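Asks: After the structure tokens below, expect a handful of questions from me.
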2 protein chains.
Amino acid sequence: MESASGADSGPKPGDRVRVERDEDTYEGVFLPSSTAESVVLKLDGGYNVAVSRANASVAVLEGGAYDVESAQDVSEGSASSEITFDADLPTVSLISTGGTIASTIDYRTGAVTARFDAEDVLRAVPDLAGRANYRGRVVANVLSENMTPAIWQELARAVYEEIEAGTDGIVVMHGTDTMQFSAAALAFCLSLPVPVVFTGSQRSADRPSSDNVINAVCAVEAAKAACAEALVCMHASESDDQCALHRGTRVRKNHTSRRDAFETVGRKPLGHVTYDDEGISVDFHREHAERGACDLKIAPELETDVELLKFTPGTDSALLDACAGKAGLVLEGTGLGHVHTDWIPRIAELVDSGTTIAMTSGCIDGRVCDRVYDTGRDLLDAGVIEAEDTLPGTAKVKLMWALANAEEPKALMGTSLAGECTTRSTPWA
Amino acid sequence: MESASGADSGPKPGDRVRVERDEDTYEGVFLPSSTAESVVLKLDGGYNVAVSRANASVAVLEGGAYDVESAQDVSEGSASSEITFDADLPTVSLISTGGTIASTIDYRTGAVTARFDAEDVLRAVPDLAGRANYRGRVVANVLSENMTPAIWQELARAVYEEIEAGTDGIVVMHGTDTMQFSAAALAFCLSLPVPVVFTGSQRSADRPSSDNVINAVCAVEAAKAACAEALVCMHASESDDQCALHRGTRVRKNHTSRRDAFETVGRKPLGHVTYDDEGISVDFHREHAERGACDLKIAPELETDVELLKFTPGTDSALLDACAGKAGLVLEGTGLGHVHTDWIPRIAELVDSGTTIAMTSGCIDGRVCDRVYDTGRDLLDAGVIEAEDTLPGTAKVKLMWALANAEEPKALMGTSLAGECTTRSTPWA
């Protein structure tokens with residue numbers, strides 16, 4: 001497993017090196033994202049650091065602890081290969097969809113642009129080696145703001161095929177912007193006997209504070225664990241030693257840039273992966289679907305003619321009119337689930353013409369309840385369905401799924417299918 | 001200040017009473033919301049409790065500690081009266097706009113409907129007596145989902161008149177659903193030398209867990225304090241002894257039903273009002289505008305032809321088309337401020353045709369930054385303005401104000417006018 005490496009030829013990816021510059025000394029693993037201008041190291045704490053080569057000395061301490069080339073049991077497309085299979089290790093499928101975790105530096109423009117195949121991930125994250133046998137495939141290579149329901153369907157089919165082929169768990173590399181929507185989509189489209197763990201990166205790999213190493217390693221460990229749900233695995237705090245495992249239907253990106261941007265709304269995460277000097281451990285704190293408890297099934301059809309419309313004071317009812325004729329509409333109302341009273345007759349018309357309309361709250365946390373105030377009762381009379389405490393974005397995905405798969409989609413919107421909502425008799429609990 | 005009260009005529013509002021029923025005993029102040037069916041008491045802890053009169057005994061312990069009648073220095077409309085003026089006390093103006101805090105029980109339907117004049121608030125909250133001389137006026141009586149920019153303007157004018165007339169502080173009674181929008185509107189429309197404190201109630205006064213007493217009392221104390229900003233004063237936690245004071249431009253209702261639903265996004269509240277056995281105290285923890293530091297000014301004009309549009313995966317560009325021709329549009333994008341790449345040419349057309357478009361993030365917390373990724377740079381090239389870390393709802397209100405009042409409204413969207421955003425060189429800070 002040793003790769004040839006010497007001071008003469010300079011450090012190679014995977015080598016352990018010491019970089020000295022001015023009064024600072026860094027020791028860590030030399031990363032392929034190093035350039036002629038700077039050395040990028042993975043420090044022992046998991047952080048990546050970029051050090052300018054100007055006035056710096058770089059010494060190779062030992063040859064690659066990880067042989068990056070031979071560890072690349074990953075190829076583009078659905079034709080997976082399994083080189084140097086270790087029968088003592090579980091098999092984890094890495095599926096890439098794009099995003100920062102999959103991006104490399106675009107020095108032409110000075111910023112980050114998405115270019116990716118799964119091979120690059122393993123090359124950039126030597127810590128993944130030795131944790132599993134890997135199968136890899138690329139489902140998409142899109143910025144996550146460009147993610148579509150059609151790609152969710154492809155992703156669901158890819159996950160299905162990987163599980164059918166015998167993988168022990170799935171890691172989906174995904175841009176963070178819309179990760180929660182894709183995770184929710186898979187939670188509805190699949191009955192899962194193994195974990196499907198979404199992970200991504202809030203900071204690109206060339207940034208000293210990149211979170212891609214820890215997130216990827218923790219996601220692989222979660223994919224080997226006992227919770228067979230669609231999960232999101234991202235930093236649990238601003239420190240670099242723990243990731244949280246969020247249920248895909250209850251998670252939300254709540255900050256634009258923090259590494260711990262993702263939060264389970266209204267409760268604690270399902271679990272955590274702790275990665276420190278003691279090693280790595282996966283713990284679950286709440287009830288979850290157990291590995292192997294259900295059979296693999298897929299129902300990937302989605303009715304994509306569904307909108308999510310947010311109401312705020314002064315919102316023009318022309319936006320509601322623009323939803324006329326749609327198959328489904330999720331309203332993000334105020335408080336317990338309200339819109340301006342003037343909207344209600346038009347909402348009733350849309351319902352009467354066949355649009356299924358579900359109510360959620362712009363408060364994000366808490367349950368809608370349209371039985372308390374006049375506006376709510378009028379909305380119920382108009383035919384609006386309460387989505388209980390389902391997150392607005394999750395409700396949109398769920399309504400897409402319910403309209404395509406259920407005989408009575410309205411009845412499903414207040415019932416938990418994948419942990420997206422709870423049923424209670426009172427909103428005050 | 002003693003009102004006549006005796007066991008013969010039954011308890012009167014303000015009387016201290018003991019109610020015994022089955023094995024339970026309650027002591028507290030008898031409230032006017034009591035009916036033939038039930039006794040409603042304000043307990044010493046601040047909670048209201050409703051006890052069925054069936055098999056209950058009610059004993060008057062002492063006559064009204066508060067003379068509800070003579071404390072009613074409040075009348076409907078803008079003609080304020082000042083009865084029994086106490087020169088040792090500051091004057092606080094109570095302005096009502098409607099909402100749960102102003103509602104009474106509608107026994108016909110079994111739920112809560114908004115009916116209100118300011119007199120009712122003082123009648124229902126005896127604890128307000130003795131804290132200030134009160135001036136009262138009703139600006140509106142609407143459920144807060146029906147609040148409009150036109151009412152914000154009336155409210156701004158009413159606040160202006162009250163301050164001009166010499167009041168020491170303002171309390172605005174408001175429904176909780178859209179309180180944050182109205183508070184933001186006043187923050188932009190007024191230059192304030194005294195506090196304007198919004199408060200409301202998440203639970204109606206007849207509920208045992210009603211928060212209306214504590215919220216109203218704490219709001220009056222905040223209105224007497226030194227922070228001359230538009231504030232929101234609501235429960236700080238699920239316990240009943242403290243309210244938080246949130247800057248109006250940074251606050252958000254983050255839960256549909258909890259009493260502590262309101263949170264300052266991304267930082268601690270400006271201050272707290274603590275109300276316990278030791279008494280009541282107001283403390284500020286962060287920099288704020290000081291009482292008297294600026295002159296009273298009003299700029300109430302608003303360009304109401306402004307939309308807030310949320311983008312999520314699959315959102316139909318027909319919604320964007322429905323915003324064509326508008327004066328302003330705030331986009332609630334993904335992550336650092338993105339929409340699907342396919343939207344960008346259409347966004348450029350809207351900008352070219354005269355629509356001012358500002359970008360915010362559906363993450364809610366954190367700063368947008370469209371300089372990091374291709375999508376963002378393309379959005380900037382299309383003419384979209386970054387609203388920095390302004391909340392999406394606040395950005396809508398601000399854009400309404402900026403388009404009506406500023407010569408260069410675009411330049412204002414990234415600059416703090418009322419604490420709504422901060423300026424930093426990097427989104428990673």
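Letters for chains follow the order of the structure tokens (A, B, ...), residue numbers begin at 1 for each chain, and ligand numbers begin at 1 in the order shown.
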Compute the chain B side of the contact with chain A at 8 Å, counting only C-alpha atoms, and hand it back as a short mmCIF file (atom, residue, chain, number, x, y, z; two decimals) with C-alpha atoms, in the first residue's frame.

Replies:
data_model
loop_
_atom_site.label_atom_id
_atom_site.label_comp_id
_atom_site.auth_asym_id
_atom_site.auth_seq_id
_atom_site.Cartn_x
_atom_site.Cartn_y
_atom_site.Cartn_z
CA ALA B 111 -63.18 29.84 19.26
CA VAL B 112 -61.48 33.18 19.31
CA THR B 113 -62.51 36.06 17.09
CA GLU B 145 -52.92 38.02 8.54
CA ASN B 146 -55.08 40.87 7.17
CA MET B 147 -52.54 43.56 8.03
CA THR B 148 -51.62 45.75 5.06
CA PRO B 149 -49.00 48.35 4.19
CA THR B 176 -48.50 37.85 16.32
CA ASP B 177 -48.71 36.46 12.77
CA THR B 178 -47.37 39.57 11.06
CA PHE B 181 -43.54 43.10 9.41
CA ARG B 252 -39.10 36.49 13.48
CA LYS B 253 -42.01 34.39 14.67
CA ASN B 254 -40.30 31.01 14.58
CA HIS B 255 -43.01 28.79 16.05
CA THR B 256 -46.72 28.57 15.38
CA SER B 257 -47.89 28.20 18.97
CA ARG B 258 -45.17 28.47 21.60
CA THR B 304 -46.64 48.75 -2.14
CA GLU B 307 -43.40 41.13 -3.92
CA LEU B 308 -41.51 38.53 -1.92
CA LEU B 309 -41.05 35.34 -3.94
CA LYS B 310 -39.58 32.14 -2.51
CA THR B 312 -37.48 26.09 -4.16
CA PRO B 313 -36.62 23.18 -6.48
CA GLY B 314 -39.16 22.98 -9.27
CA THR B 315 -40.69 26.43 -8.75
CA ASP B 316 -42.49 27.38 -11.97
CA ALA B 318 -44.68 31.49 -14.16
CA LEU B 319 -44.48 32.89 -10.63
CA ALA B 322 -46.38 37.14 -12.44
CA CYS B 323 -43.96 39.68 -10.92
CA THR B 334 -31.40 29.09 -1.74
CA GLY B 335 -28.15 29.12 0.26
CA LEU B 336 -25.97 32.15 -0.39
CA HIS B 338 -29.36 31.40 -5.65
CA VAL B 339 -32.19 30.44 -7.98
CA HIS B 340 -32.24 27.95 -10.84
CA THR B 341 -29.88 29.10 -13.56
CA SER B 361 -31.87 33.65 1.55
CA GLY B 362 -34.43 31.05 2.52
CA CYS B 363 -31.86 29.90 5.09
CA ILE B 364 -33.11 32.95 7.03
CA ASP B 365 -29.91 33.25 9.05
CA GLY B 366 -26.64 34.34 7.50
CA ARG B 367 -25.56 36.63 4.71
CA VAL B 368 -26.24 36.25 1.01
CA ARG B 371 -19.68 36.49 -5.50
CA VAL B 372 -18.78 32.88 -4.64
CA TYR B 373 -20.54 30.73 -7.23
CA ASP B 374 -21.27 31.11 -10.93
CA GLY B 393 -39.64 39.70 5.19
CA PRO B 427 -19.83 35.74 4.24
CA TRP B 428 -17.73 33.30 6.24
#

Asks: Based on DSSP run over this structure's backbone, return all residues of segment 129-367 of chain A in strand (DSSP E), as a count of residues only.

Replies: 66

Asks: Tell me, as a count of residues only, which residues lie within 7 Å of Tyr275 of chain A, counting only C-alpha atoms; anything in the same chain fewer than 3 positions away does not count.

Replies: 5

Asks: Please identify all polymer residues within 10 Å of Asp240 of chain B, counting only C-alpha atoms, omitting same-chain residues fewer than 4 positions from it, and present them as a count of residues only.

Replies: 16

Asks: Taking 2 positions as the minimum chain separation for residues in the same chain, which residues sit within 10 Å of Arg131 of chain B when counting only C-alpha atoms? Answer as a ChimeraX atom specification.

Replies: /B:86,89-92,127-129,133-134,217,220-221,224

Asks: Go ahead and save the residues from that selection, with N, CA, C and O atoms, as a compact mmCIF listing (two decimals), in the first residue's frame.

Replies:
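Output saved as again_25.txt:
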# COMPACT_ATOMS: atom_id res chain seq x y z
N ASP B 86 -51.19 61.06 36.96
CA ASP B 86 -50.23 61.02 38.06
C ASP B 86 -48.92 61.61 37.56
O ASP B 86 -48.22 61.01 36.74
N LEU B 89 -45.66 59.64 37.26
CA LEU B 89 -45.54 58.51 36.33
C LEU B 89 -45.33 59.00 34.90
O LEU B 89 -45.84 60.05 34.53
N PRO B 90 -44.58 58.23 34.12
CA PRO B 90 -44.48 58.55 32.70
C PRO B 90 -45.81 58.26 32.01
O PRO B 90 -46.68 57.58 32.56
N THR B 91 -45.95 58.75 30.80
CA THR B 91 -47.15 58.50 30.01
C THR B 91 -46.82 57.52 28.89
O THR B 91 -45.82 57.69 28.18
N VAL B 92 -47.63 56.49 28.78
CA VAL B 92 -47.46 55.48 27.73
C VAL B 92 -48.72 55.44 26.87
O VAL B 92 -49.83 55.40 27.40
N ASP B 127 -52.87 44.50 36.07
CA ASP B 127 -51.47 44.76 36.39
C ASP B 127 -50.90 45.98 35.69
O ASP B 127 -49.83 46.48 36.07
N LEU B 128 -51.58 46.45 34.66
CA LEU B 128 -51.06 47.64 33.96
C LEU B 128 -51.27 48.90 34.79
O LEU B 128 -50.56 49.89 34.61
N ALA B 129 -52.23 48.86 35.71
CA ALA B 129 -52.54 50.05 36.51
C ALA B 129 -51.36 50.42 37.40
O ALA B 129 -50.65 49.55 37.91
N ASN B 133 -49.30 56.68 33.21
CA ASN B 133 -50.53 57.29 32.72
C ASN B 133 -50.72 56.78 31.30
O ASN B 133 -49.76 56.72 30.53
N TYR B 134 -51.95 56.43 30.97
CA TYR B 134 -52.17 55.81 29.66
C TYR B 134 -52.96 56.71 28.73
O TYR B 134 -53.92 57.36 29.15
N VAL B 217 -47.59 43.83 30.39
CA VAL B 217 -46.90 44.54 31.48
C VAL B 217 -45.44 44.81 31.10
O VAL B 217 -44.92 45.92 31.26
N VAL B 220 -45.16 47.59 28.54
CA VAL B 220 -45.30 48.94 29.12
C VAL B 220 -44.00 49.35 29.79
O VAL B 220 -43.53 50.48 29.65
N GLU B 221 -43.37 48.42 30.52
CA GLU B 221 -42.10 48.76 31.18
C GLU B 221 -41.03 49.06 30.13
O GLU B 221 -40.22 49.98 30.30
N LYS B 224 -41.24 52.50 28.76
CA LYS B 224 -40.74 53.54 29.68
C LYS B 224 -39.21 53.56 29.71
O LYS B 224 -38.62 54.43 30.34
